[in-house]
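Please read the structure below before turning to the comments.
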Amino acid sequence: MIAIVDYGVGNLFSLTCSFRSLGAEVTVTGDPEIIRSAGKVVLPGVGAFGDAAELLRKNGLDQVVIEEANRGKPLLGICLGMQLLFDKSLEYGEHPGLGLIPGQVVSMEPVVPKGYKVPHIGWNALHFPKDKPVSPLFRHIKEGDCVYFVHSYYAADCAADLIATAEYGPELTAAVQRQNVMGTQFHPEKSGPVGLSILRAFCEMEDRL
Amino acid sequence: MITKRIIPCLDVKDGRVVKGVNFLGLSDVSSPVKLAKFYSDCGADELVFYDITASAEGRALFTDILTEVASTIFIPLTVGGGINTVDDFDRVLKCGADKVSVNSGAIRDPSLISAAAQRYGDQCVVLSVDAKRVDGQFRVFAKGGREDTGLDAIEWIKKGVQSGAGEIVLNSIDTDGVKKGFDLEMLAAVCDAVNVPVIASGGAGCIEDFITLFETLPKVDAGLAASIFHFGEVQIPDLKRALADRGITMRL
């Protein structure tokens, strides 16, 4: 069973439906016991980093997610959920994240060329780093496939764990992986067949109970 | 690089897709769920659903359809029609919409844009504008193009973006249904005025019209159309391939 962590941020309807369309058993839950008993965990999120981190902490779910990740359970952060995996974010102040992946979340405003619209919204092509093997998360898709992004901040200083980028002026972090901890800046649940193939690859990873 | 988007628009009334020609003479096309699935499979980059129902029963039916679409189709969905309050945003977002388009509701109450943007983020709020040339000015029309509001379209759009609209759909009443191409002059004026994505609507009759749109106005992000897709006059895979062949970045 896959637990989608419900901590009061955003709408989980499409995400839940996308997993169910793949035949996966998913539960949307804020209950630590259910998250602990799940084979895999998905950390979703939209909105501002500080508010989301606070909500996650308020229910003690931050510790549950960290503990389960440290036990080797496959964890997938999506959009803001990916950003929360990092050490910290500089969105409206400085806010600590879960510290599962080294790096920080910063505004793309200073790095994208003039005339580029921020937020970065729309379909963009994934590029895989040339110097490492393709992540198992992408085993069913190929370099250049497009996925759907909606974000104004991006993860920086995380080259070691980068598994995909998207060009928006510079190459921005599109996905990261550090062993069993994975994150996508884009929304696989809104990225058509390519997105579903990424979720399928996640579903196929070995459960850690 | 971000791709240009091709967006079929589905006007839904009493559970069926309809398409007005110059907003008149509604004709039944197909089941919204089937049509949405068809478009998603064809490579549509996003879908727009407009609820043009007036009755409460029709509205409930629309919400059911939206839920069914969102549970089977995994591309971005924008919903508009009858959005007058933040509660209306809530209602359609809960059914799986990603973005909500406001039109007459924002004209009646401009604070709707800022209230919704604060609650759901700018990226969620789409300002849809029906505009027409009147006395040498681009004028905003309300109520499905029937009522001249007296508002200058460019000023209205600028104000909307300042209030938090994250995207503009510009529908030219002058070119809508005529199938002779998008309203490039009106679109250029809007692209110059704001720095949020602009979606061109109204007037597409053939593939060439989309090529002209994106080649003439590189700042336009997306082309929206209804009947030419519904009636199969333009097939989305052919359209996207033709655009890509001209060097326009597309998701293929």
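Labeling convention for the structure tokens: chains A, B, ... as they appear, residues from 1 per chain, ligands from 1 in order of appearance.
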Taking only C-alpha atoms into account, produce a table as a tab-separated table in which each residue of region 14-107 of chain A with an atom at most 10 Å from an atom of region 93-117 of chain B appears once, together with its shortest atom pair and the distance in Å to one decimal, ordered by chain and rising number.
```
residue	atom	partner	partner_atom	distance
A:Ser14	CA	B:Gly96	CA	5.9
A:Leu15	CA	B:Gly96	CA	9.4
A:Cys17	CA	B:Gly96	CA	9.5
```
Determine which residues of region 2-250 of chain B DSSP labels as strand (DSSP E or B) from the backbone of this structure, then write them out as a PyMOL selection string. chain B and resi 5-13+16-21+24-30+47-51+77-80+99-102+125-134+137-142+147-152+167-172+198-201+222-225
For the residues in that selection, give me C-alpha atoms as a PDB file, in the first residue's frame.
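Result file is again-v1.pdb:
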```
ATOM      1  CA  ARG B   5       0.187  24.523 -25.792  1.00  0.00           C
ATOM      2  CA  ILE B   6      -2.774  23.364 -27.862  1.00  0.00           C
ATOM      3  CA  ILE B   7      -5.975  23.523 -25.876  1.00  0.00           C
ATOM      4  CA  PRO B   8      -9.357  22.191 -26.936  1.00  0.00           C
ATOM      5  CA  CYS B   9     -12.224  23.925 -25.220  1.00  0.00           C
ATOM      6  CA  LEU B  10     -15.408  22.129 -24.265  1.00  0.00           C
ATOM      7  CA  ASP B  11     -18.526  24.166 -23.615  1.00  0.00           C
ATOM      8  CA  VAL B  12     -20.810  22.006 -21.525  1.00  0.00           C
ATOM      9  CA  LYS B  13     -24.537  22.472 -21.163  1.00  0.00           C
ATOM     10  CA  ARG B  16     -23.299  17.690 -23.261  1.00  0.00           C
ATOM     11  CA  VAL B  17     -20.587  19.505 -25.204  1.00  0.00           C
ATOM     12  CA  VAL B  18     -21.872  22.339 -27.346  1.00  0.00           C
ATOM     13  CA  LYS B  19     -20.183  24.969 -29.452  1.00  0.00           C
ATOM     14  CA  GLY B  20     -21.580  28.343 -30.262  1.00  0.00           C
ATOM     15  CA  VAL B  21     -20.790  30.105 -33.528  1.00  0.00           C
ATOM     16  CA  LEU B  24     -25.253  31.694 -31.157  1.00  0.00           C
ATOM     17  CA  GLY B  25     -26.912  28.570 -32.551  1.00  0.00           C
ATOM     18  CA  LEU B  26     -25.794  25.874 -30.136  1.00  0.00           C
ATOM     19  CA  SER B  27     -25.241  22.456 -31.660  1.00  0.00           C
ATOM     20  CA  ASP B  28     -24.703  19.212 -29.786  1.00  0.00           C
ATOM     21  CA  VAL B  29     -21.343  17.555 -30.352  1.00  0.00           C
ATOM     22  CA  SER B  30     -20.558  14.746 -27.948  1.00  0.00           C
ATOM     23  CA  LEU B  47      -8.369  21.001 -21.520  1.00  0.00           C
ATOM     24  CA  VAL B  48     -10.728  23.849 -20.798  1.00  0.00           C
ATOM     25  CA  PHE B  49     -14.272  23.168 -19.653  1.00  0.00           C
ATOM     26  CA  TYR B  50     -16.815  25.955 -19.655  1.00  0.00           C
ATOM     27  CA  ASP B  51     -20.019  25.359 -17.786  1.00  0.00           C
ATOM     28  CA  LEU B  77      -7.769  21.000 -16.516  1.00  0.00           C
ATOM     29  CA  THR B  78      -9.119  24.526 -16.468  1.00  0.00           C
ATOM     30  CA  VAL B  79     -12.712  25.140 -15.527  1.00  0.00           C
ATOM     31  CA  GLY B  80     -14.805  28.225 -16.120  1.00  0.00           C
ATOM     32  CA  LYS B  99      -7.014  26.243 -12.786  1.00  0.00           C
ATOM     33  CA  VAL B 100     -10.195  28.242 -12.609  1.00  0.00           C
ATOM     34  CA  SER B 101     -11.212  30.759 -15.199  1.00  0.00           C
ATOM     35  CA  VAL B 102     -13.171  33.870 -14.230  1.00  0.00           C
ATOM     36  CA  VAL B 125      -6.489  32.036 -11.453  1.00  0.00           C
ATOM     37  CA  VAL B 126      -7.157  32.496 -15.161  1.00  0.00           C
ATOM     38  CA  LEU B 127      -8.772  35.711 -16.352  1.00  0.00           C
ATOM     39  CA  SER B 128     -10.862  35.024 -19.414  1.00  0.00           C
ATOM     40  CA  VAL B 129     -11.833  38.069 -21.441  1.00  0.00           C
ATOM     41  CA  ASP B 130     -14.308  38.346 -24.324  1.00  0.00           C
ATOM     42  CA  ALA B 131     -13.335  41.450 -26.258  1.00  0.00           C
ATOM     43  CA  LYS B 132     -14.596  43.252 -29.334  1.00  0.00           C
ATOM     44  CA  ARG B 133     -13.709  46.411 -31.226  1.00  0.00           C
ATOM     45  CA  VAL B 134     -16.013  49.297 -30.342  1.00  0.00           C
ATOM     46  CA  GLN B 137     -11.124  50.482 -28.615  1.00  0.00           C
ATOM     47  CA  PHE B 138     -10.928  46.844 -27.505  1.00  0.00           C
ATOM     48  CA  ARG B 139     -13.988  46.623 -25.286  1.00  0.00           C
ATOM     49  CA  VAL B 140     -14.735  43.946 -22.665  1.00  0.00           C
ATOM     50  CA  PHE B 141     -18.036  42.134 -23.110  1.00  0.00           C
ATOM     51  CA  ALA B 142     -19.781  40.186 -20.367  1.00  0.00           C
ATOM     52  CA  GLU B 147     -23.260  42.839 -22.848  1.00  0.00           C
ATOM     53  CA  ASP B 148     -20.844  45.726 -23.513  1.00  0.00           C
ATOM     54  CA  THR B 149     -19.286  46.568 -20.144  1.00  0.00           C
ATOM     55  CA  GLY B 150     -17.681  49.793 -21.369  1.00  0.00           C
ATOM     56  CA  LEU B 151     -14.340  48.564 -19.950  1.00  0.00           C
ATOM     57  CA  ASP B 152     -11.158  48.916 -21.999  1.00  0.00           C
ATOM     58  CA  GLU B 167      -2.896  33.621 -17.057  1.00  0.00           C
ATOM     59  CA  ILE B 168      -5.082  35.366 -19.633  1.00  0.00           C
ATOM     60  CA  VAL B 169      -7.455  33.801 -22.134  1.00  0.00           C
ATOM     61  CA  LEU B 170      -8.237  36.379 -24.769  1.00  0.00           C
ATOM     62  CA  ASN B 171     -11.249  35.560 -26.864  1.00  0.00           C
ATOM     63  CA  SER B 172     -11.852  37.966 -29.707  1.00  0.00           C
ATOM     64  CA  VAL B 198      -1.578  34.561 -22.874  1.00  0.00           C
ATOM     65  CA  ILE B 199      -3.885  32.027 -24.507  1.00  0.00           C
ATOM     66  CA  ALA B 200      -5.289  32.955 -27.897  1.00  0.00           C
ATOM     67  CA  SER B 201      -8.906  32.089 -28.523  1.00  0.00           C
ATOM     68  CA  ALA B 222      -1.183  28.673 -26.271  1.00  0.00           C
ATOM     69  CA  GLY B 223      -3.880  28.390 -28.896  1.00  0.00           C
ATOM     70  CA  LEU B 224      -7.385  27.430 -27.873  1.00  0.00           C
ATOM     71  CA  ALA B 225     -10.169  26.252 -30.150  1.00  0.00           C
TER      72      ALA B 225
END
```
Neighbours of chain A in chain B at 6 Å, counting only C-alpha atoms, as a PyMOL selection string: chain B and resi 1-3+71+74-76+96
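Nearest-residue note for Phe186 (chain A): choosing from A:Gly99, A:Gly45, A:Asp207, A:Pro133, the minimum distance belongs to A:Gly45, counting only C-alpha atoms.
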For CA of Leu76 (chain A) and CA of Leu43 (chain A), the interatomic separation in Å (one decimal): 6.0 Å
